[in-house]
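Report on one structure; see the data block that follows.
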Amino acid sequence: MSADVILAVRGVSKSFRGLKAVRDVSFEVPRGAICSLIGPNGAGKSTFFNLVTGYFRPDSGTILFEGRDIAGASPVDVAHLGVARAFQIAKPFPGMSVTENVRIGALFGRAGPRDVEAVTQSAMQLAGLAELHDREARELTVGQLRRLEVARALAARPSLLLADEPCAGLNPTETAEMVAILRRARDAGATVVLVEHDMPAVMEISDTVLVLEAGALIAQGAPQAIARDPRVIAAYLGTEE
Amino acid sequence: MKLFVSGRSAWVSIAITLAGALLFALLPAFLSPYGVRVGQLFVLAAGLAVAWTVLGGFSGYWSFGNAAFVGTGAFVAALIELALPGWSPAGAFTVALLAAMLLNGLLALVIAWPILRLRGIYFAIAMLGVSQVCYELVSNIDALRGALGVNLIDIVPKDVRPERFYYWALLLAATAIILIAICVRHSKLGYGLLAIREDEDTARMLGVPTAPYKISAFVISAMLTAMMGVIYAHNLGYITANSVFRNEFNLNVIVYSLLGGMGTIIGPIVGAGVMTYVTQVLLGDLLDIHMFITGLLLAILVLAAPNGLYGIYDTYRLRLKRQKREAGR
């Protein structure tokens, strides 16, 4: 494995009571890339995130993060190694201010204790939350909550950010903002893997697109190539029998 | 390493606590002996409720069995004092207090491993079981003297009135508990506990070491509860299992938080104050029906203000903030 591959997934499978949610998936994510995971509902995208973050243990296969097999490691250990996750349904701490929410990400992330404040501030800047710093999380709109979710994940100083549908439910302006935020996150040193349904956003932001269908990886490549791939079109629109 | 994550608000809270404690320390000069006894009840209730909050309020793991630590603390202290005849009262009391706190910390540590894996209502019920088991053990093992009862040494100095002395002792302990709770709340531990309360799985994915954090809070909560229990037992002078393993210790601490504001430190203090005032002063002459009226009041409050008195204040504060912001535009 070359040094500039941050995440290498090899032959990973996971079943739930006989249902194969992820089957024999292998791919690599180069360091510094923005990589999108797409596929119809139930294709195994979220399961895949749960496998990488240690929430589930794969039945077989290896997940190499920076050369280390993290398959089956605990979520806490995976987080400390430098993998952060932003949830689709934003899970901020409602009674806390924006700053406090982001600070929790920094406190338990990889910043040294002296850098917590600086990291908190820069993550809020990056996510465009600086003006909302003293707002309480429960006062925020859906779009602001999503940005808070990403800011809190980034405050952990992750080398890999997993973003679960960061653009779902956002209006076009908010989506454009989110795309810019993820780009800035990448420029700040994080590799970004996102699960996303918003195709224009995926096309605009991704270096690579991976397509899952029924748990199997059916295609991967540059966004334009993926958009023309007959297997992908069939997976999304169905085929004429 | 910084002690506080949010230093400024921590120091403000500490200053308010110290000022408040000083004010309360002066109260006996203006109160009748009966008034001082009501004060004792309030300070005891507040101390126990804040000790409970360190685990229950911050992390959301509601213990329905904190009487276990009140009672175990009281009996450990009593039995140790029995074993130290001839010691000066101050010396024996100090050893007994420290031993009771340590042993309760240890007890919490031992039971934490199996029962803190339980979430929500299952943890609450398991703790109810723990307090029941402790009560039965102390009641039924003759050497522990729970059925027979046991005397505690008299630690009141000659020239101080006992009700005042215990008021001050309980106040000192409660102040220490509140200060420790503030330190926990504003430290990394406190932020981790809040994250656990909001969503334990999210907390884990953010890198919060949930198991050690929950156990730490549990041990701290148990030790502080035991400290209160030891002083309370000396105030009683003579204890049986029935007088210290009391179900109201299990339930009232939760009621105070519900009433005042769950998860905050001020909430259980205010809740303890309101409940003590209502039951001891307002309804003091209506002993026959005071439990009935208390229950009714609680039901009304929980329905009208599910987040307690602090919740009412908080809603008002948020509205003010919003108005100010809109006016500023």
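Ordered as shown in the structure tokens, chains take letters A, B, and onward, while each chain numbers its residues from 1 and ligands are numbered from 1 in the order shown.
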
Within 6 Å of Arg23 in chain A, counting only C-alpha atoms, which residues show up once you throw out same-chain ones fewer than 6 positions away? Write them as an NGL selection string, please. :A and (13 or 215-216)

Contacts of chain B with chain A up to 6 Å, shortest pair per row, only C-alpha atoms, as a Markdown table:
| residue | atom | partner | partner_atom | distance |
| --- | --- | --- | --- | --- |
| B:Glu198 | CA | A:Phe93 | CA | 6.0 |
| B:Arg204 | CA | A:Val76 | CA | 5.1 |
| B:Met205 | CA | A:Pro75 | CA | 5.2 |
| B:Gly207 | CA | A:Val76 | CA | 4.4 |
| B:Val208 | CA | A:Phe108 | CA | 5.9 |

Within 12 Å of Ala51 in chain B, counting only C-alpha atoms, which residues qualify if same-chain residues fewer than 2 places away don't, as a PyMOL selection string? chain B and resi 44-49+53-58+62-63+66-67+69-70+173-182+184+217-229+249+253-254+256-257+263-265+268-269

In terms of the shortest atom-to-atom distance over only C-alpha atoms, which of B:Asn252, B:Asn307, B:Thr276, B:Asn235 is closest to Val38 in chain B? B:Thr276

All alpha helix (DSSP H) positions in range 17-262 of chain B, as a PyMOL selection string: chain B and resi 17-26+33-59+67-82+89-115+121-140+162-186+188-198+200-205+210-236+241-244+247-260
